[in-house]
file data-v4.txt (compact mmCIF, C-alpha atoms)
# COMPACT_ATOMS: atom_id res chain seq x y z
CA MET B 23 29.06 -11.04 44.18
CA ARG B 24 27.75 -9.51 40.97
CA LEU B 25 29.85 -9.51 37.78
CA LEU B 26 29.20 -7.78 34.45
CA PHE B 27 30.85 -9.06 31.28
CA ILE B 28 30.79 -6.68 28.30
CA GLY B 29 31.08 -8.22 24.84
CA ASP B 30 33.42 -7.15 22.02
CA ILE B 31 33.84 -3.37 22.20
CA VAL B 32 33.99 -2.08 18.62
CA GLY B 33 35.54 1.28 17.74
CA PRO B 34 34.53 4.76 18.94
CA PRO B 35 30.79 3.95 19.26
CA GLY B 36 31.57 1.02 21.54
CA MET B 37 34.05 3.00 23.60
CA GLY B 38 31.60 5.87 23.89
CA ILE B 39 28.73 3.86 25.29
CA VAL B 40 31.01 1.93 27.65
CA LYS B 41 32.23 5.20 29.16
CA GLN B 42 28.64 6.42 29.48
CA ALA B 43 27.01 3.23 30.73
CA VAL B 44 29.52 1.44 32.97
CA PRO B 45 29.58 4.01 35.81
CA VAL B 46 25.76 4.04 35.76
CA LEU B 47 25.54 0.24 35.77
CA ILE B 48 28.06 -0.09 38.61
CA GLU B 49 25.86 2.13 40.73
CA ARG B 50 22.45 0.80 39.67
CA GLU B 51 23.30 -2.90 39.63
CA LYS B 52 25.72 -2.80 42.59
CA LEU B 53 28.40 -4.44 40.46
CA ASP B 54 31.42 -5.90 42.21
CA LEU B 55 33.46 -6.56 39.07
CA VAL B 56 33.36 -5.46 35.43
CA VAL B 57 35.14 -7.49 32.72
CA ALA B 58 35.22 -6.38 29.07
CA ASN B 59 36.51 -7.90 25.85
CA ALA B 60 38.29 -5.02 24.11
CA GLU B 61 40.13 -6.64 21.20
CA ASN B 62 38.22 -4.48 18.68
CA ALA B 63 38.24 -1.20 20.59
CA SER B 64 40.85 0.63 18.49
CA ASN B 65 38.86 1.49 15.38
CA GLY B 66 37.66 -2.09 15.08
CA SER B 67 40.94 -3.96 15.47
CA GLY B 68 43.22 -4.18 18.50
CA LEU B 69 43.52 -2.03 21.61
CA SER B 70 45.73 0.99 22.24
CA PRO B 71 47.20 1.88 25.66
CA ALA B 72 45.19 5.12 25.68
CA LEU B 73 41.90 3.29 25.17
CA TYR B 74 42.86 0.69 27.76
CA ARG B 75 43.33 3.49 30.30
CA GLN B 76 39.97 4.99 29.33
CA LEU B 77 38.27 1.65 29.98
CA ARG B 78 39.90 1.36 33.37
CA THR B 79 38.88 4.91 34.26
CA ALA B 80 35.29 4.12 33.24
CA GLY B 81 35.18 1.26 35.75
CA VAL B 82 36.30 -1.79 33.77
CA ASP B 83 38.32 -3.93 36.18
CA VAL B 84 39.70 -6.59 33.81
CA VAL B 85 40.18 -6.59 30.03
CA THR B 86 40.17 -9.79 27.97
CA MET B 87 41.46 -10.06 24.42
CA GLY B 88 41.16 -12.38 21.41
CA ASP B 89 42.59 -12.95 17.96
CA HIS B 90 43.28 -9.21 17.40
CA ILE B 91 45.38 -8.87 20.55
CA TYR B 92 48.60 -7.97 18.70
CA ARG B 93 47.14 -5.63 16.06
CA ARG B 94 48.37 -2.64 18.10
CA MET B 95 51.84 -3.54 19.26
CA GLU B 96 52.12 -0.37 21.32
CA LEU B 97 50.08 -2.43 23.80
CA ALA B 98 53.10 -4.72 24.35
CA LYS B 99 54.34 -3.00 27.50
CA LEU B 100 50.93 -3.23 29.18
CA LEU B 101 50.69 -6.91 28.26
CA THR B 102 53.98 -7.62 30.00
CA ASP B 103 53.30 -5.41 33.05
CA SER B 104 51.12 -6.39 35.98
CA GLU B 105 48.00 -4.84 34.42
CA PRO B 106 44.70 -6.80 34.59
CA ILE B 107 44.59 -7.67 30.89
CA CYS B 108 44.60 -11.26 29.59
CA LYS B 109 45.83 -12.89 26.41
CA PRO B 110 44.11 -16.14 25.36
CA ALA B 111 45.51 -18.75 27.73
CA ASN B 112 45.96 -21.24 24.89
CA TYR B 113 48.30 -18.94 22.95
CA PRO B 114 51.95 -20.09 22.96
CA GLU B 115 53.88 -19.55 26.17
CA GLN B 116 56.20 -17.16 24.31
CA ALA B 117 53.31 -14.91 23.23
CA LEU B 118 53.18 -11.61 25.10
CA GLY B 119 50.74 -11.36 27.96
CA ARG B 120 49.44 -13.11 31.04
CA THR B 121 47.13 -16.13 30.86
CA CYS B 122 45.08 -15.16 33.91
CA ALA B 123 44.29 -12.12 36.03
CA VAL B 124 43.47 -12.60 39.71
CA VAL B 125 41.90 -9.43 41.09
CA SER B 126 39.94 -8.24 44.11
CA ALA B 127 36.29 -7.44 43.48
CA ARG B 128 34.64 -4.47 45.16
CA ASP B 129 33.24 -6.79 47.84
CA GLY B 130 36.78 -8.00 48.61
CA ALA B 131 36.46 -11.44 47.03
CA LYS B 132 39.27 -12.73 44.83
CA VAL B 133 38.25 -13.41 41.24
CA ALA B 134 40.28 -15.16 38.53
CA VAL B 135 39.59 -14.07 34.94
CA VAL B 136 40.74 -16.23 32.03
CA SER B 137 40.52 -15.72 28.26
CA LEU B 138 40.45 -18.64 25.82
CA ILE B 139 40.32 -18.71 22.04
CA GLY B 140 38.58 -21.31 19.90
CA ARG B 141 40.13 -23.54 17.23
CA LEU B 142 37.20 -24.20 14.88
CA PHE B 143 37.13 -21.82 11.87
CA MET B 144 40.00 -19.82 13.40
CA LYS B 145 43.78 -19.76 13.13
CA PRO B 146 45.61 -22.83 14.49
CA VAL B 147 46.29 -22.53 18.20
CA ASP B 148 46.87 -24.76 21.23
CA CYS B 149 44.00 -26.75 22.73
CA PRO B 150 41.78 -24.48 24.89
CA PHE B 151 40.55 -27.44 26.95
CA GLN B 152 44.05 -28.46 27.99
CA ALA B 153 45.00 -24.80 28.54
CA ILE B 154 42.15 -24.09 30.95
CA ASP B 155 42.86 -27.29 32.87
CA ARG B 156 46.45 -26.11 33.31
CA VAL B 157 45.39 -22.61 34.40
CA LEU B 158 42.97 -24.00 36.97
CA ARG B 159 45.68 -26.20 38.45
CA GLU B 160 47.96 -23.15 38.81
CA LEU B 161 45.47 -20.80 40.47
CA PRO B 162 46.18 -19.69 44.05
CA PRO B 163 44.62 -22.06 46.60
CA GLY B 164 41.15 -21.01 47.66
CA THR B 165 40.28 -19.17 44.44
CA LYS B 166 36.57 -19.91 44.15
CA SER B 167 35.20 -17.29 41.76
CA ILE B 168 36.50 -17.94 38.25
CA PHE B 169 35.29 -16.27 35.06
CA VAL B 170 36.11 -17.55 31.55
CA ASP B 171 35.74 -15.57 28.31
CA MET B 172 35.46 -18.17 25.51
CA HIS B 173 36.35 -16.20 22.36
CA ALA B 174 35.32 -18.49 19.52
CA GLU B 175 33.42 -18.82 16.22
CA ALA B 176 31.70 -22.16 16.67
CA THR B 177 28.68 -22.33 18.97
CA GLY B 178 29.31 -26.01 19.61
CA GLU B 179 32.85 -25.36 20.79
CA LYS B 180 31.61 -22.74 23.22
CA ALA B 181 28.88 -25.05 24.53
CA LEU B 182 31.39 -27.85 24.95
CA MET B 183 33.67 -25.59 26.99
CA GLY B 184 30.73 -24.76 29.22
CA ARG B 185 30.11 -28.44 29.87
CA HIS B 186 33.83 -29.16 30.32
CA LEU B 187 34.04 -26.52 33.04
CA ASP B 188 30.63 -26.99 34.66
CA GLY B 189 31.06 -27.06 38.42
CA ARG B 190 34.71 -25.99 38.13
CA VAL B 191 34.29 -22.30 37.28
CA SER B 192 31.67 -19.66 38.02
CA ALA B 193 30.88 -18.65 34.43
CA VAL B 194 31.76 -19.42 30.82
CA LEU B 195 30.55 -16.64 28.54
CA GLY B 196 31.22 -16.50 24.82
CA SER B 197 32.45 -13.60 22.72
CA HIS B 198 33.76 -12.97 19.17
CA THR B 199 30.72 -13.51 16.93
CA HIS B 200 29.17 -10.10 17.81
CA VAL B 201 25.59 -11.48 17.95
CA GLN B 202 23.97 -11.89 21.37
CA THR B 203 22.38 -15.32 21.84
CA ALA B 204 19.36 -16.12 24.02
CA ASP B 205 20.52 -19.34 25.69
CA GLU B 206 21.67 -18.03 29.07
CA CYS B 207 21.43 -20.66 31.79
CA ILE B 208 22.95 -22.08 34.93
CA LEU B 209 24.41 -25.49 34.11
CA PRO B 210 23.80 -28.41 36.51
CA GLY B 211 27.11 -27.93 38.33
CA GLY B 212 26.48 -24.24 39.05
CA THR B 213 28.32 -22.61 36.13
CA ALA B 214 26.63 -19.72 34.30
CA PHE B 215 26.73 -20.07 30.51
CA LEU B 216 25.86 -17.96 27.46
CA THR B 217 27.03 -18.79 23.94
CA ASP B 218 27.74 -15.15 23.04
CA VAL B 219 27.13 -11.94 24.96
CA GLY B 220 27.07 -9.85 21.77
CA MET B 221 28.80 -6.73 20.48
CA THR B 222 29.19 -3.38 22.21
CA GLY B 223 29.27 -0.96 19.32
CA PRO B 224 27.24 0.36 16.36
CA TYR B 225 24.26 -1.84 15.51
CA ALA B 226 23.34 -0.03 12.25
CA SER B 227 26.07 -2.14 10.72
CA ILE B 228 27.26 -5.58 9.71
CA LEU B 229 28.89 -6.79 12.92
CA GLY B 230 30.14 -3.27 13.58
CA ARG B 231 31.27 -2.39 10.03
CA ARG B 232 29.66 -0.06 7.51
CA ILE B 233 26.82 -1.81 5.68
CA ASP B 234 27.58 -0.24 2.29
CA ARG B 235 31.24 -1.33 2.35
CA VAL B 236 30.51 -4.91 3.36
CA LEU B 237 27.62 -5.25 0.91
CA SER B 238 29.56 -3.80 -2.02
CA THR B 239 32.56 -6.06 -1.47
CA THR B 240 30.36 -9.11 -1.00
CA ILE B 241 28.46 -8.52 -4.24
CA THR B 242 31.31 -7.28 -6.48
CA PHE B 243 34.30 -8.99 -4.84
CA ILE B 244 36.13 -5.66 -5.17
CA PRO B 245 37.95 -4.98 -1.88
CA SER B 246 37.04 -1.90 0.13
CA PRO B 247 37.96 -0.79 3.65
CA PHE B 248 35.51 -2.17 6.19
CA ASP B 249 35.30 1.02 8.26
CA VAL B 250 33.60 0.95 11.63
CA ALA B 251 29.98 2.15 11.47
CA THR B 252 28.76 5.02 13.61
CA GLU B 253 25.03 4.71 14.33
CA ASP B 254 22.89 2.99 17.00
CA ALA B 255 25.52 2.35 19.67
CA ARG B 256 24.57 -0.31 22.19
CA LEU B 257 26.22 -2.03 25.12
CA ALA B 258 25.79 -5.81 25.14
CA GLY B 259 26.76 -8.17 27.90
CA ALA B 260 25.55 -10.28 30.79
CA ILE B 261 25.31 -9.94 34.56
CA ILE B 262 26.08 -12.96 36.73
CA ASP B 263 25.41 -13.41 40.44
CA ILE B 264 28.06 -15.58 42.10
CA ASP B 265 28.30 -17.04 45.60
CA ALA B 266 31.76 -15.87 46.63
CA VAL B 267 32.06 -18.71 49.16
CA THR B 268 31.33 -21.60 46.78
CA GLY B 269 32.08 -19.93 43.44
CA ARG B 270 28.78 -21.17 42.02
CA ALA B 271 26.54 -18.91 39.95
CA SER B 272 22.96 -18.37 41.09
CA ALA B 273 21.65 -16.16 38.27
CA ILE B 274 22.50 -14.83 34.81
CA ARG B 275 20.73 -12.23 32.69
CA ARG B 276 21.52 -10.60 29.39
CA VAL B 277 22.11 -6.85 29.05
CA MET B 278 21.41 -4.75 25.93
CA LEU B 279 21.45 -0.97 26.42
CA ARG B 280 21.00 1.80 23.88
CA GLU B 281 22.16 5.35 24.55
CA ALA B 282 18.54 6.32 25.31
CA ASP B 283 18.39 3.54 27.93
CA VAL B 284 21.50 4.93 29.62
CA GLN B 285 19.86 8.36 29.66
CA ASP B 286 16.70 6.93 31.20
CA ILE B 287 18.47 5.16 34.05
CA SER B 288 20.95 7.95 34.74
CA GLY B 289 18.75 10.96 34.20
CA VAL B 290 21.56 12.58 32.22
CA THR B 291 21.38 13.42 28.52
CA VAL B 292 24.07 11.60 26.51
call {"tool": "encode", "arguments": {"input": "data-v4.txt", "output": "C-alpha cells"}}
result
Amino acid sequence: MRLLFIGDIVGPPGMGIVKQAVPVLIEREKLDLVVANAENASNGSGLSPALYRQLRTAGVDVVTMGDHIYRRMELAKLLTDSEPICKPANYPEQALGRTCAVVSARDGAKVAVVSLIGRLFMKPVDCPFQAIDRVLRELPPGTKSIFVDMHAEATGEKALMGRHLDGRVSAVLGSHTHVQTADECILPGGTAFLTDVGMTGPYASILGRRIDRVLSTTITFIPSPFDVATEDARLAGAIIDIDAVTGRASAIRRVMLREADVQDISGVTV
C-alpha cells in the first residue's frame, strides 16, 4: 500500500496546487491513500466546509487538523459527522471532532489515521503519548496500517513520538513548522518517520505569509496583518510504502513539487 501525506496546506496557493497535483500523483504514483493536514487552508487559518469538499474532490481521503482547527466554526457540523477528518486526539474529550478515522484505502486495506498535537512551545493540552496509547487500544481488531500526524513545534518531541510508536504504527510524520526536514527513515521496528513534511503553499514567503508584513512587524514591532503570500506555490509531503499485512513501512521518500513540476508530469499547462 502506498500513502501520501501532504503537509500544512496554506491559503489559496496551497489549495490550488493540491487540486492540480493530487490527481496527477494518484495516477503516477499509484497511491492508495492521500492524507492532508489542512488546518491553514482557509486563508492561512482554519478550514471551511467548502474547502474541505474541494480537497475531497481532488482526491484527499483523510484530513488532519492542528491548533487552528476551530478558527472556522462553520466546520463544526463536519467535525461531528462521520466525515474522515480528525481533531488532535489529545484534545479534551468534549472538544468537537473524532480522534481517529478508519478508512478503506484504494487497495481495500483498512487504514487508521490519527492526529496528535505537541505540548512544547504550544498551548497546554493533554499528553499526546497517553492519548495515542489510548487510541491504539481502541482501534478495531486487526487494524494493521496506522498513520500518525504529529503536529508539533519541537523537533525532539516529534522524534520522541516516533520512538514511542516504533513497531506499533506504520508511520509518524510531523507537521506544523512548515519547513521540510531531511531526516526521513525507517525506524528499527518498521515505522516510517520524518520530523516535518513541510508546507504546501507559497514559498516566496515567511512560512506562507507575506515577507514585507512579517519583516516590518519584526523590525518595528508595529502590528500588521500577516496576509498569505501568493508566489512560488509548492506541494510538500512524503510517500510511504506500507505492507498491508504487517503494517510495517518498507520505504519513505520526500515530495516537493512546484507548479512547473506538475505540468511536466501531467503534460498539462497549469
call {"tool": "closest_residue", "arguments": {"input": "data-v4.txt", "among": "B:Leu209, B:Leu55, B:Ile28, B:Ala80", "to": "Arg270 in chain B", "atoms": "all atoms listed in the file"}}
result
B:Leu209
call {"tool": "closest_atom_pairs", "arguments": {"input": "data-v4.txt", "of": "range 239-286 of chain B", "to": "range 168-171 of chain B", "cutoff": "12 Å", "atoms": "all atoms listed in the file", "output": "Markdown table"}}
result
| residue | atom | partner | partner_atom | distance |
| --- | --- | --- | --- | --- |
| B:Gly259 | CA | B:Asp171 | CA | 11.6 |
| B:Ala260 | CA | B:Asp171 | CA | 11.7 |
| B:Ile261 | CA | B:Phe169 | CA | 11.8 |
| B:Ile262 | CA | B:Phe169 | CA | 9.9 |
| B:Asp263 | CA | B:Phe169 | CA | 11.6 |
| B:Ile264 | CA | B:Ile168 | CA | 9.6 |
| B:Asp265 | CA | B:Ile168 | CA | 11.0 |
| B:Ala266 | CA | B:Ile168 | CA | 9.8 |
| B:Val267 | CA | B:Ile168 | CA | 11.8 |
| B:Thr268 | CA | B:Ile168 | CA | 10.6 |
| B:Gly269 | CA | B:Ile168 | CA | 7.1 |
| B:Arg270 | CA | B:Ile168 | CA | 9.2 |
| B:Ala271 | CA | B:Ile168 | CA | 10.2 |
call {"tool": "closest_residue", "arguments": {"input": "data-v4.txt", "among": "B:Val284, B:Arg275, B:Pro114, B:Pro247", "to": "Asp148 in chain B", "atoms": "all atoms listed in the file"}}
result
B:Pro114
call {"tool": "atom_distance", "arguments": {"input": "data-v4.txt", "atom1": "CA of Ala63 in chain B", "atom2": "CA of Ile31 in chain B"}}
result
5.2 Å
call {"tool": "closest_residue", "arguments": {"input": "data-v4.txt", "among": "B:Arg120, B:Arg231, B:His90, B:Arg190", "to": "Ser104 in chain B", "atoms": "all atoms listed in the file"}}
result
B:Arg120
call {"tool": "residues_around", "arguments": {"input": "data-v4.txt", "residues": "Glu206 in chain B", "least_positions_apart": "5", "cutoff": "10 Å", "atoms": "only C-alpha atoms", "output": "PyMOL selection string"}}
result
chain B and resi 195+214-219+260+273-276
call {"tool": "residues_around", "arguments": {"input": "data-v4.txt", "residues": "Val201 in chain B", "least_positions_apart": "2", "cutoff": "7 Å", "atoms": "only C-alpha atoms", "output": "PyMOL selection string"}}
result
chain B and resi 199+203+218+220-221
call {"tool": "closest_residue", "arguments": {"input": "data-v4.txt", "among": "B:Pro106, B:Pro45, B:Gly230, B:Pro71", "to": "Val136 in chain B", "atoms": "all atoms listed in the file"}}
result
B:Pro106
call {"tool": "residues_around", "arguments": {"input": "data-v4.txt", "residues": "Ser288 in chain B", "least_positions_apart": "3", "cutoff": "9 Å", "atoms": "all atoms listed in the file", "output": "NGL selection string"}}
result
:B and (43 or 46 or 50 or 283-285 or 291)
call {"tool": "atom_distance", "arguments": {"input": "data-v4.txt", "atom1": "CA of Asp254 in chain B", "atom2": "CA of Val194 in chain B"}}
result
27.8 Å
call {"tool": "atom_distance", "arguments": {"input": "data-v4.txt", "atom1": "CA of Ser246 in chain B", "atom2": "CA of Ile233 in chain B"}}
result
11.6 Å
call {"tool": "closest_residue", "arguments": {"input": "data-v4.txt", "among": "B:Pro150, B:Gly289, B:Pro245, B:Pro224", "to": "Met37 in chain B", "atoms": "all atoms listed in the file"}}
result
B:Pro224
call {"tool": "closest_residue", "arguments": {"input": "data-v4.txt", "among": "B:Leu100, B:Val157, B:Ala174, B:Val40", "to": "Lys145 in chain B", "atoms": "all atoms listed in the file"}}
result
B:Ala174
call {"tool": "residues_around", "arguments": {"input": "data-v4.txt", "residues": "Thr165 in chain B", "least_positions_apart": "6", "cutoff": "8 Å", "atoms": "all atoms listed in the file", "output": "ChimeraX atom specification"}}
result
/B:132-134
call {"tool": "residues_around", "arguments": {"input": "data-v4.txt", "residues": "Leu138 in chain B", "least_positions_apart": "6", "cutoff": "9 Å", "atoms": "all atoms listed in the file", "output": "list in words"}}
result
Met87, Gly88, Lys109, Pro110, Ala111, Asn112, Tyr113, Thr121, Pro150, Phe151, Ala153, Ile154, Val170, Asp171, Met172, His173 and Ala174 of chain B
call {"tool": "write_last_selection", "arguments": {"input": "data-v4.txt", "atoms": "C-alpha atoms", "output": "mmCIF file, keeping the file's coordinate frame"}}
result
data_model
loop_
_atom_site.group_PDB
_atom_site.id
_atom_site.type_symbol
_atom_site.label_atom_id
_atom_site.label_comp_id
_atom_site.auth_asym_id
_atom_site.auth_seq_id
_atom_site.Cartn_x
_atom_site.Cartn_y
_atom_site.Cartn_z
ATOM 1 C CA MET B 87 41.460 -10.060 24.420
ATOM 2 C CA GLY B 88 41.160 -12.380 21.410
ATOM 3 C CA LYS B 109 45.830 -12.890 26.410
ATOM 4 C CA PRO B 110 44.110 -16.140 25.360
ATOM 5 C CA ALA B 111 45.510 -18.750 27.730
ATOM 6 C CA ASN B 112 45.960 -21.240 24.890
ATOM 7 C CA TYR B 113 48.300 -18.940 22.950
ATOM 8 C CA THR B 121 47.130 -16.130 30.860
ATOM 9 C CA PRO B 150 41.780 -24.480 24.890
ATOM 10 C CA PHE B 151 40.550 -27.440 26.950
ATOM 11 C CA ALA B 153 45.000 -24.800 28.540
ATOM 12 C CA ILE B 154 42.150 -24.090 30.950
ATOM 13 C CA VAL B 170 36.110 -17.550 31.550
ATOM 14 C CA ASP B 171 35.740 -15.570 28.310
ATOM 15 C CA MET B 172 35.460 -18.170 25.510
ATOM 16 C CA HIS B 173 36.350 -16.200 22.360
ATOM 17 C CA ALA B 174 35.320 -18.490 19.520
#
call {"tool": "axis_aligned_box", "arguments": {"input": "data-v4.txt", "around": "range 112-128 of chain B", "padding_each_side": "5 Å", "output": "lines of an AutoDock Vina configuration file"}}
result
center_x = 45.4
center_y = -12.9
center_z = 34.1
size_x = 31.6
size_y = 26.8
size_z = 32.2
